[in-house]
Amino acid sequence: MSYARHASLPPNRCLAVLRMGTVVALAALFFAEPAHAQYPQPQPAPPGYGVPGQPAPPGYGAPAQPPAPGYGQPGYGQPPGKKPGRPVSTGLEMAYLYGTSAAWGIGTGIWIDAEAGIDDPGLMLILPVVIGAAAPVGVFMIDRFAYRKGMPDGLPSAVATGLMVGAGEGLGIASLQWVVSDEEDEWGFKGLARAEVIGSTLGGAAGYGLYYLTRPQPETNILISSSVVFGTLIGSAFGGGASNGDWGTYTNDGMALGGLIGYNVALAGAVTTSLFYTPSWHQIGWMWGGMGLGMAASLPVYIFYAGSEDHDPRRGLIFQGVAGTIGLALGAILAPPKKDHSGYYAEAEDKDEAPPWIKVMGGGFLPIYKGIGGQLSGMLW
């Protein structure tokens, strides 16, 4: 008796095997896809590569180069550390402030002696020496401790210029009072010393305030201090040339008044110009040279007055004033200007300091009812 054995599985066991095979296949696909994504597909070789006599392309097969240090980091390409701020003042600029502060201290000591009536030589020299030495020492302490890296450029020369301009203002006022007053009404030495100290102190404070309002550069401060000298010389020439009468009385009065007017007109013009323009060192030097050459070249005018009684030779001073003004203007125009007229403010947003609160861009005349006025345009921060 024979029989056949069938290797068949029950239906329920066949279904279980089918399910397990499906799970294994899905798992293989799940794990195989990420592994496939991790490795790039082989790229075809460039044309000619591997052919005898054909060189490989440059850099082909070379190892990858590491990225540059800091690549992808903020500020890449900029030097590390703090953003660059305004340059520190130079030793020459600080010397300018040391000298003017010492002069202010000596003058203050002399004024106190005059007010106190100290006339003994051994006593009257104490205060000028002490205050004259203490003032620059105080400047040194402020420079080293109040400003850790030193005063920024423009600040020392702004204060020094203010001290000098204020002292000149006091001297001009006292000189005018002396020449126009009777002997009993003159201020005398005490009044002169008082005007000098008050003027220089207020001028130094004004220079300090001007710096924090407009941030002038050293060239601007030197232009302001030079302009008052220009104005005094030219104004004195015009005032003396326009005078009449006695040479010793009226001419002195005219020159004192003209010098004071020229001083303040030039000061106002230089300060206004500094709001929108920064001169170069060449321009300042050429202005000095131009004015000097103009006045020197005009000296031969007095030859025409020699031996003549029909004309007053004082009028030659007017011609000298005109010639000096022309030379001054030509020096400013012909000299090489500053390369960057915007100066420090060109990149003020990249600096640590704030820009000035006011900047004048231009101006002109303004017609008004029954007259004429002026107008200025600019920006306010």
# chains A, B, ... in the order shown; residues from 1 in each chain; ligands from 1
call {"tool": "residues_around", "arguments": {"residues": "stretch 165-179 of chain A", "least_positions_apart": "4", "cutoff": "6 Å", "atoms": "only C-alpha atoms", "output": "ChimeraX atom specification"}}
result
/A:161,186,192,195-196,199-200,203,253,256,260
call {"tool": "residues_around", "arguments": {"residues": "A:Gly327", "least_positions_apart": "5", "cutoff": "7 Å", "atoms": "only C-alpha atoms", "output": "PyMOL selection string"}}
result
chain A and resi 290-291+293-294
call {"tool": "residues_around", "arguments": {"residues": "A:Ser280", "least_positions_apart": "2", "cutoff": "7 Å", "atoms": "only C-alpha atoms", "output": "mmCIF file with N, CA, C and O atoms, in the first residue's frame"}}
result
data_model
loop_
_atom_site.group_PDB
_atom_site.id
_atom_site.type_symbol
_atom_site.label_atom_id
_atom_site.label_comp_id
_atom_site.auth_asym_id
_atom_site.auth_seq_id
_atom_site.Cartn_x
_atom_site.Cartn_y
_atom_site.Cartn_z
ATOM 1 N N GLU A 219 42.717 120.431 12.275
ATOM 2 C CA GLU A 219 42.878 121.459 11.251
ATOM 3 C C GLU A 219 41.845 122.573 11.412
ATOM 4 O O GLU A 219 42.156 123.752 11.216
ATOM 5 N N THR A 278 36.255 121.143 6.354
ATOM 6 C CA THR A 278 37.495 120.938 7.090
ATOM 7 C C THR A 278 38.671 121.273 6.181
ATOM 8 O O THR A 278 38.831 120.627 5.147
ATOM 9 N N HIS A 282 47.808 122.230 4.302
ATOM 10 C CA HIS A 282 48.361 123.037 3.213
ATOM 11 C C HIS A 282 47.595 124.347 3.074
ATOM 12 O O HIS A 282 48.195 125.413 2.892
ATOM 13 N N GLN A 283 46.289 124.277 3.150
ATOM 14 C CA GLN A 283 45.494 125.494 3.007
ATOM 15 C C GLN A 283 45.771 126.488 4.120
ATOM 16 O O GLN A 283 45.871 127.694 3.882
ATOM 17 N N ILE A 284 45.894 126.001 5.339
ATOM 18 C CA ILE A 284 46.176 126.911 6.462
ATOM 19 C C ILE A 284 47.537 127.576 6.275
ATOM 20 O O ILE A 284 47.688 128.797 6.452
ATOM 21 N N PRO A 337 43.445 120.858 -1.187
ATOM 22 C CA PRO A 337 42.454 120.679 -0.129
ATOM 23 C C PRO A 337 42.618 119.341 0.574
ATOM 24 O O PRO A 337 43.399 118.483 0.147
ATOM 25 N N LYS A 338 41.859 119.176 1.612
ATOM 26 C CA LYS A 338 41.842 117.899 2.326
ATOM 27 C C LYS A 338 41.176 116.858 1.444
ATOM 28 O O LYS A 338 40.142 117.115 0.835
#
call {"tool": "closest_residue", "arguments": {"among": "A:Gly109, A:Gly122, A:Pro156, A:Gly285", "to": "A:Ala95", "atoms": "only C-alpha atoms"}}
result
A:Pro156
call {"tool": "residues_around", "arguments": {"residues": "A:Glu115", "least_positions_apart": "5", "cutoff": "9 Å", "atoms": "only C-alpha atoms", "output": "PDB file with all heavy atoms, in the first residue's frame"}}
result
ATOM      1  N   ILE A 110      48.632 135.903  38.214  1.00  0.00           N
ATOM      2  CA  ILE A 110      48.919 137.343  38.148  1.00  0.00           C
ATOM      3  C   ILE A 110      47.666 138.151  38.449  1.00  0.00           C
ATOM      4  O   ILE A 110      47.715 139.178  39.154  1.00  0.00           O
ATOM      5  CB  ILE A 110      49.487 137.695  36.760  1.00  0.00           C
ATOM      6  CG1 ILE A 110      50.855 137.034  36.559  1.00  0.00           C
ATOM      7  CG2 ILE A 110      49.603 139.208  36.583  1.00  0.00           C
ATOM      8  CD1 ILE A 110      51.423 137.205  35.177  1.00  0.00           C
ATOM      9  N   LYS A 190      44.860 146.063  36.351  1.00  0.00           N
ATOM     10  CA  LYS A 190      43.925 145.135  37.003  1.00  0.00           C
ATOM     11  C   LYS A 190      42.765 144.783  36.084  1.00  0.00           C
ATOM     12  O   LYS A 190      42.350 143.620  35.993  1.00  0.00           O
ATOM     13  CB  LYS A 190      43.404 145.762  38.297  1.00  0.00           C
ATOM     14  CG  LYS A 190      42.502 144.845  39.102  1.00  0.00           C
ATOM     15  CD  LYS A 190      41.920 145.571  40.307  1.00  0.00           C
ATOM     16  CE  LYS A 190      43.001 145.978  41.285  1.00  0.00           C
ATOM     17  NZ  LYS A 190      42.435 146.574  42.534  1.00  0.00           N
ATOM     18  N   ARG A 194      41.907 141.100  34.524  1.00  0.00           N
ATOM     19  CA  ARG A 194      40.565 140.541  34.732  1.00  0.00           C
ATOM     20  C   ARG A 194      39.927 140.136  33.405  1.00  0.00           C
ATOM     21  O   ARG A 194      39.326 139.061  33.292  1.00  0.00           O
ATOM     22  CB  ARG A 194      39.706 141.582  35.446  1.00  0.00           C
ATOM     23  CG  ARG A 194      38.337 141.096  35.885  1.00  0.00           C
ATOM     24  CD  ARG A 194      37.586 142.231  36.551  1.00  0.00           C
ATOM     25  NE  ARG A 194      38.321 142.745  37.689  1.00  0.00           N
ATOM     26  CZ  ARG A 194      38.135 143.968  38.205  1.00  0.00           C
ATOM     27  NH1 ARG A 194      37.251 144.786  37.646  1.00  0.00           N
ATOM     28  NH2 ARG A 194      38.829 144.360  39.255  1.00  0.00           N
TER      29      ARG A 194
END
call {"tool": "select_by_dssp", "arguments": {"residues": "stretch 84-171 of chain A", "states": "helix (DSSP H, G or I)", "output": "PyMOL selection string"}}
result
chain A and resi 91-116+121-124+126-146+155-171
call {"tool": "atom_distance", "arguments": {"atom1": "atom CA of A:Leu267", "atom2": "atom CA of A:Pro218"}}
result
16.1 Å
call {"tool": "residues_around", "arguments": {"residues": "stretch 245-250 of chain A", "least_positions_apart": "2", "cutoff": "12 Å", "atoms": "only C-alpha atoms", "output": "PyMOL selection string"}}
result
chain A and resi 176+178-182+239-243+252-258+312-314
call {"tool": "closest_residue", "arguments": {"among": "A:Val229, A:Ile142, A:Met287, A:Leu213", "to": "A:Tyr263", "atoms": "only C-alpha atoms"}}
result
A:Val229
call {"tool": "residues_around", "arguments": {"residues": "stretch 101-107 of chain A", "least_positions_apart": "6", "cutoff": "9 Å", "atoms": "only C-alpha atoms", "output": "PyMOL selection string"}}
result
chain A and resi 127-136+139+160+163-164+167+193+196-197+200-201
call {"tool": "write_last_selection", "arguments": {"atoms": "N, CA and C atoms", "output": "compact mmCIF listing (two decimals), in the first residue's frame"}}
result
# COMPACT_ATOMS: atom_id res chain seq x y z
N LEU A 127 51.82 132.44 43.36
CA LEU A 127 50.61 131.97 42.69
C LEU A 127 50.79 131.74 41.19
N PRO A 128 51.43 132.64 40.46
CA PRO A 128 51.65 132.34 39.03
C PRO A 128 52.41 131.04 38.80
N VAL A 129 53.43 130.78 39.64
CA VAL A 129 54.21 129.55 39.46
C VAL A 129 53.39 128.33 39.82
N VAL A 130 52.68 128.40 40.96
CA VAL A 130 51.91 127.24 41.42
C VAL A 130 50.77 126.91 40.47
N ILE A 131 49.97 127.91 40.12
CA ILE A 131 48.83 127.66 39.24
C ILE A 131 49.31 127.35 37.83
N GLY A 132 50.40 128.02 37.41
CA GLY A 132 50.93 127.75 36.09
C GLY A 132 51.45 126.34 35.94
N ALA A 133 51.93 125.73 37.02
CA ALA A 133 52.37 124.33 36.97
C ALA A 133 51.21 123.37 37.18
N ALA A 134 50.23 123.77 38.00
CA ALA A 134 49.11 122.87 38.30
C ALA A 134 48.19 122.67 37.09
N ALA A 135 48.05 123.70 36.27
CA ALA A 135 47.12 123.59 35.13
C ALA A 135 47.55 122.50 34.14
N PRO A 136 48.79 122.48 33.64
CA PRO A 136 49.17 121.38 32.74
C PRO A 136 49.21 120.02 33.41
N VAL A 139 45.79 118.78 33.21
CA VAL A 139 45.51 118.29 31.86
C VAL A 139 46.09 116.90 31.67
N ALA A 160 42.37 124.29 23.71
CA ALA A 160 43.49 125.23 23.64
C ALA A 160 43.14 126.44 22.78
N LEU A 163 40.88 128.71 24.77
CA LEU A 163 41.63 129.51 25.75
C LEU A 163 42.31 130.70 25.07
N MET A 164 42.93 130.44 23.93
CA MET A 164 43.67 131.50 23.25
C MET A 164 42.73 132.54 22.65
N ALA A 167 41.24 134.67 25.43
CA ALA A 167 42.22 135.64 25.94
C ALA A 167 42.40 136.79 24.96
N ALA A 193 44.06 142.37 33.35
CA ALA A 193 44.21 141.00 33.84
C ALA A 193 42.86 140.34 34.04
N GLU A 196 41.46 139.33 30.67
CA GLU A 196 42.18 138.19 30.12
C GLU A 196 41.72 136.88 30.76
N VAL A 197 41.61 136.85 32.07
CA VAL A 197 41.24 135.61 32.76
C VAL A 197 39.80 135.23 32.46
N SER A 200 39.61 134.10 28.69
CA SER A 200 40.23 132.80 28.41
C SER A 200 39.46 131.66 29.05
N THR A 201 38.94 131.87 30.26
CA THR A 201 38.17 130.82 30.92
C THR A 201 36.88 130.50 30.15
call {"tool": "closest_residue", "arguments": {"among": "A:Pro152, A:Gly259, A:Gly235, A:Gly269", "to": "A:Tyr212", "atoms": "only C-alpha atoms"}}
result
A:Pro152
call {"tool": "closest_residue", "arguments": {"among": "A:Ser226, A:Ser298, A:Thr272, A:Ser236", "to": "A:Trp286", "atoms": "only C-alpha atoms"}}
result
A:Ser226
call {"tool": "atom_distance", "arguments": {"atom1": "atom CA of A:Ala266", "atom2": "atom CA of A:Asp153"}}
result
23.9 Å
call {"tool": "closest_residue", "arguments": {"among": "A:Val301, A:Trp288, A:Ile224, A:Gly231", "to": "A:Gly262", "atoms": "only C-alpha atoms"}}
result
A:Gly231
call {"tool": "decode", "arguments": {"residues": "stretch 168-200 of chain A", "atoms": "N, CA, C and O atoms", "output": "PDB file, in the first residue's frame"}}
result
ATOM      1  N   GLY A 168      42.419 136.491  23.656  1.00  0.00           N
ATOM      2  CA  GLY A 168      42.526 137.556  22.665  1.00  0.00           C
ATOM      3  C   GLY A 168      41.318 138.470  22.671  1.00  0.00           C
ATOM      4  O   GLY A 168      41.445 139.690  22.469  1.00  0.00           O
ATOM      5  N   GLU A 169      40.147 137.896  22.901  1.00  0.00           N
ATOM      6  CA  GLU A 169      38.937 138.724  22.997  1.00  0.00           C
ATOM      7  C   GLU A 169      39.027 139.691  24.174  1.00  0.00           C
ATOM      8  O   GLU A 169      38.706 140.883  24.051  1.00  0.00           O
ATOM      9  N   GLY A 170      39.475 139.170  25.312  1.00  0.00           N
ATOM     10  CA  GLY A 170      39.632 140.043  26.474  1.00  0.00           C
ATOM     11  C   GLY A 170      40.674 141.118  26.247  1.00  0.00           C
ATOM     12  O   GLY A 170      40.497 142.278  26.659  1.00  0.00           O
ATOM     13  N   LEU A 171      41.774 140.764  25.579  1.00  0.00           N
ATOM     14  CA  LEU A 171      42.816 141.749  25.287  1.00  0.00           C
ATOM     15  C   LEU A 171      42.305 142.823  24.341  1.00  0.00           C
ATOM     16  O   LEU A 171      42.596 144.017  24.511  1.00  0.00           O
ATOM     17  N   GLY A 172      41.524 142.418  23.331  1.00  0.00           N
ATOM     18  CA  GLY A 172      40.993 143.398  22.386  1.00  0.00           C
ATOM     19  C   GLY A 172      40.033 144.372  23.053  1.00  0.00           C
ATOM     20  O   GLY A 172      40.065 145.582  22.780  1.00  0.00           O
ATOM     21  N   ILE A 173      39.178 143.861  23.928  1.00  0.00           N
ATOM     22  CA  ILE A 173      38.224 144.741  24.621  1.00  0.00           C
ATOM     23  C   ILE A 173      38.955 145.694  25.555  1.00  0.00           C
ATOM     24  O   ILE A 173      38.666 146.905  25.601  1.00  0.00           O
ATOM     25  N   ALA A 174      39.921 145.173  26.304  1.00  0.00           N
ATOM     26  CA  ALA A 174      40.674 146.031  27.222  1.00  0.00           C
ATOM     27  C   ALA A 174      41.496 147.064  26.457  1.00  0.00           C
ATOM     28  O   ALA A 174      41.629 148.220  26.911  1.00  0.00           O
ATOM     29  N   SER A 175      42.058 146.686  25.311  1.00  0.00           N
ATOM     30  CA  SER A 175      42.845 147.638  24.518  1.00  0.00           C
ATOM     31  C   SER A 175      41.970 148.760  23.973  1.00  0.00           C
ATOM     32  O   SER A 175      42.356 149.938  23.992  1.00  0.00           O
ATOM     33  N   LEU A 176      40.784 148.401  23.476  1.00  0.00           N
ATOM     34  CA  LEU A 176      39.874 149.437  22.972  1.00  0.00           C
ATOM     35  C   LEU A 176      39.447 150.371  24.098  1.00  0.00           C
ATOM     36  O   LEU A 176      39.381 151.598  23.905  1.00  0.00           O
ATOM     37  N   GLN A 177      39.153 149.822  25.263  1.00  0.00           N
ATOM     38  CA  GLN A 177      38.768 150.666  26.391  1.00  0.00           C
ATOM     39  C   GLN A 177      39.903 151.604  26.796  1.00  0.00           C
ATOM     40  O   GLN A 177      39.663 152.752  27.182  1.00  0.00           O
ATOM     41  N   TRP A 178      41.113 151.148  26.674  1.00  0.00           N
ATOM     42  CA  TRP A 178      42.263 151.954  27.084  1.00  0.00           C
ATOM     43  C   TRP A 178      42.485 153.147  26.152  1.00  0.00           C
ATOM     44  O   TRP A 178      42.777 154.252  26.588  1.00  0.00           O
ATOM     45  N   VAL A 179      42.303 152.914  24.829  1.00  0.00           N
ATOM     46  CA  VAL A 179      42.600 153.997  23.885  1.00  0.00           C
ATOM     47  C   VAL A 179      41.459 154.999  23.747  1.00  0.00           C
ATOM     48  O   VAL A 179      41.684 156.143  23.336  1.00  0.00           O
ATOM     49  N   VAL A 180      40.234 154.592  24.053  1.00  0.00           N
ATOM     50  CA  VAL A 180      39.105 155.509  23.870  1.00  0.00           C
ATOM     51  C   VAL A 180      38.688 156.188  25.165  1.00  0.00           C
ATOM     52  O   VAL A 180      37.845 157.095  25.126  1.00  0.00           O
ATOM     53  N   SER A 181      39.244 155.800  26.303  1.00  0.00           N
ATOM     54  CA  SER A 181      38.819 156.348  27.588  1.00  0.00           C
ATOM     55  C   SER A 181      39.785 157.414  28.065  1.00  0.00           C
ATOM     56  O   SER A 181      40.965 157.442  27.687  1.00  0.00           O
ATOM     57  N   ASP A 182      39.272 158.290  28.897  1.00  0.00           N
ATOM     58  CA  ASP A 182      40.132 159.259  29.560  1.00  0.00           C
ATOM     59  C   ASP A 182      40.985 158.549  30.596  1.00  0.00           C
ATOM     60  O   ASP A 182      40.692 157.425  31.026  1.00  0.00           O
ATOM     61  N   GLU A 183      42.021 159.238  31.039  1.00  0.00           N
ATOM     62  CA  GLU A 183      42.965 158.597  31.952  1.00  0.00           C
ATOM     63  C   GLU A 183      42.308 158.157  33.247  1.00  0.00           C
ATOM     64  O   GLU A 183      42.629 157.093  33.795  1.00  0.00           O
ATOM     65  N   GLU A 184      41.370 158.961  33.753  1.00  0.00           N
ATOM     66  CA  GLU A 184      40.724 158.588  35.014  1.00  0.00           C
ATOM     67  C   GLU A 184      39.737 157.436  34.870  1.00  0.00           C
ATOM     68  O   GLU A 184      39.338 156.821  35.877  1.00  0.00           O
ATOM     69  N   ASP A 185      39.319 157.147  33.639  1.00  0.00           N
ATOM     70  CA  ASP A 185      38.348 156.073  33.423  1.00  0.00           C
ATOM     71  C   ASP A 185      38.982 154.773  32.922  1.00  0.00           C
ATOM     72  O   ASP A 185      38.271 153.801  32.654  1.00  0.00           O
ATOM     73  N   GLU A 186      40.276 154.759  32.755  1.00  0.00           N
ATOM     74  CA  GLU A 186      40.934 153.569  32.234  1.00  0.00           C
ATOM     75  C   GLU A 186      40.865 152.419  33.228  1.00  0.00           C
ATOM     76  O   GLU A 186      40.910 152.630  34.440  1.00  0.00           O
ATOM     77  N   TRP A 187      40.779 151.203  32.699  1.00  0.00           N
ATOM     78  CA  TRP A 187      40.740 150.025  33.562  1.00  0.00           C
ATOM     79  C   TRP A 187      42.066 149.775  34.256  1.00  0.00           C
ATOM     80  O   TRP A 187      42.093 149.267  35.378  1.00  0.00           O
ATOM     81  N   GLY A 188      43.133 150.076  33.589  1.00  0.00           N
ATOM     82  CA  GLY A 188      44.450 149.813  34.159  1.00  0.00           C
ATOM     83  C   GLY A 188      44.837 148.345  34.049  1.00  0.00           C
ATOM     84  O   GLY A 188      44.160 147.524  33.401  1.00  0.00           O
ATOM     85  N   PHE A 189      45.947 148.019  34.713  1.00  0.00           N
ATOM     86  CA  PHE A 189      46.455 146.651  34.627  1.00  0.00           C
ATOM     87  C   PHE A 189      45.501 145.650  35.272  1.00  0.00           C
ATOM     88  O   PHE A 189      45.344 144.527  34.773  1.00  0.00           O
ATOM     89  N   LYS A 190      44.860 146.063  36.351  1.00  0.00           N
ATOM     90  CA  LYS A 190      43.925 145.135  37.003  1.00  0.00           C
ATOM     91  C   LYS A 190      42.765 144.783  36.084  1.00  0.00           C
ATOM     92  O   LYS A 190      42.350 143.620  35.993  1.00  0.00           O
ATOM     93  N   GLY A 191      42.234 145.764  35.382  1.00  0.00           N
ATOM     94  CA  GLY A 191      41.149 145.486  34.449  1.00  0.00           C
ATOM     95  C   GLY A 191      41.604 144.638  33.277  1.00  0.00           C
ATOM     96  O   GLY A 191      40.856 143.778  32.793  1.00  0.00           O
ATOM     97  N   LEU A 192      42.836 144.876  32.803  1.00  0.00           N
ATOM     98  CA  LEU A 192      43.372 144.059  31.724  1.00  0.00           C
ATOM     99  C   LEU A 192      43.504 142.600  32.153  1.00  0.00           C
ATOM    100  O   LEU A 192      43.104 141.682  31.419  1.00  0.00           O
ATOM    101  N   ALA A 193      44.057 142.368  33.349  1.00  0.00           N
ATOM    102  CA  ALA A 193      44.214 140.999  33.843  1.00  0.00           C
ATOM    103  C   ALA A 193      42.855 140.335  34.044  1.00  0.00           C
ATOM    104  O   ALA A 193      42.679 139.148  33.734  1.00  0.00           O
ATOM    105  N   ARG A 194      41.907 141.100  34.524  1.00  0.00           N
ATOM    106  CA  ARG A 194      40.565 140.541  34.732  1.00  0.00           C
ATOM    107  C   ARG A 194      39.927 140.136  33.405  1.00  0.00           C
ATOM    108  O   ARG A 194      39.326 139.061  33.292  1.00  0.00           O
ATOM    109  N   ALA A 195      40.050 141.000  32.398  1.00  0.00           N
ATOM    110  CA  ALA A 195      39.475 140.681  31.090  1.00  0.00           C
ATOM    111  C   ALA A 195      40.152 139.459  30.478  1.00  0.00           C
ATOM    112  O   ALA A 195      39.488 138.624  29.835  1.00  0.00           O
ATOM    113  N   GLU A 196      41.456 139.331  30.670  1.00  0.00           N
ATOM    114  CA  GLU A 196      42.184 138.194  30.122  1.00  0.00           C
ATOM    115  C   GLU A 196      41.718 136.880  30.757  1.00  0.00           C
ATOM    116  O   GLU A 196      41.477 135.888  30.060  1.00  0.00           O
ATOM    117  N   VAL A 197      41.605 136.851  32.072  1.00  0.00           N
ATOM    118  CA  VAL A 197      41.238 135.615  32.760  1.00  0.00           C
ATOM    119  C   VAL A 197      39.796 135.233  32.458  1.00  0.00           C
ATOM    120  O   VAL A 197      39.494 134.066  32.158  1.00  0.00           O
ATOM    121  N   ILE A 198      38.898 136.203  32.507  1.00  0.00           N
ATOM    122  CA  ILE A 198      37.495 135.893  32.228  1.00  0.00           C
ATOM    123  C   ILE A 198      37.333 135.422  30.786  1.00  0.00           C
ATOM    124  O   ILE A 198      36.648 134.426  30.502  1.00  0.00           O
ATOM    125  N   GLY A 199      37.979 136.146  29.864  1.00  0.00           N
ATOM    126  CA  GLY A 199      37.853 135.774  28.460  1.00  0.00           C
ATOM    127  C   GLY A 199      38.426 134.398  28.159  1.00  0.00           C
ATOM    128  O   GLY A 199      37.805 133.590  27.466  1.00  0.00           O
ATOM    129  N   SER A 200      39.614 134.099  28.693  1.00  0.00           N
ATOM    130  CA  SER A 200      40.225 132.803  28.410  1.00  0.00           C
ATOM    131  C   SER A 200      39.456 131.658  29.053  1.00  0.00           C
ATOM    132  O   SER A 200      39.325 130.575  28.458  1.00  0.00           O
TER     133      SER A 200
END
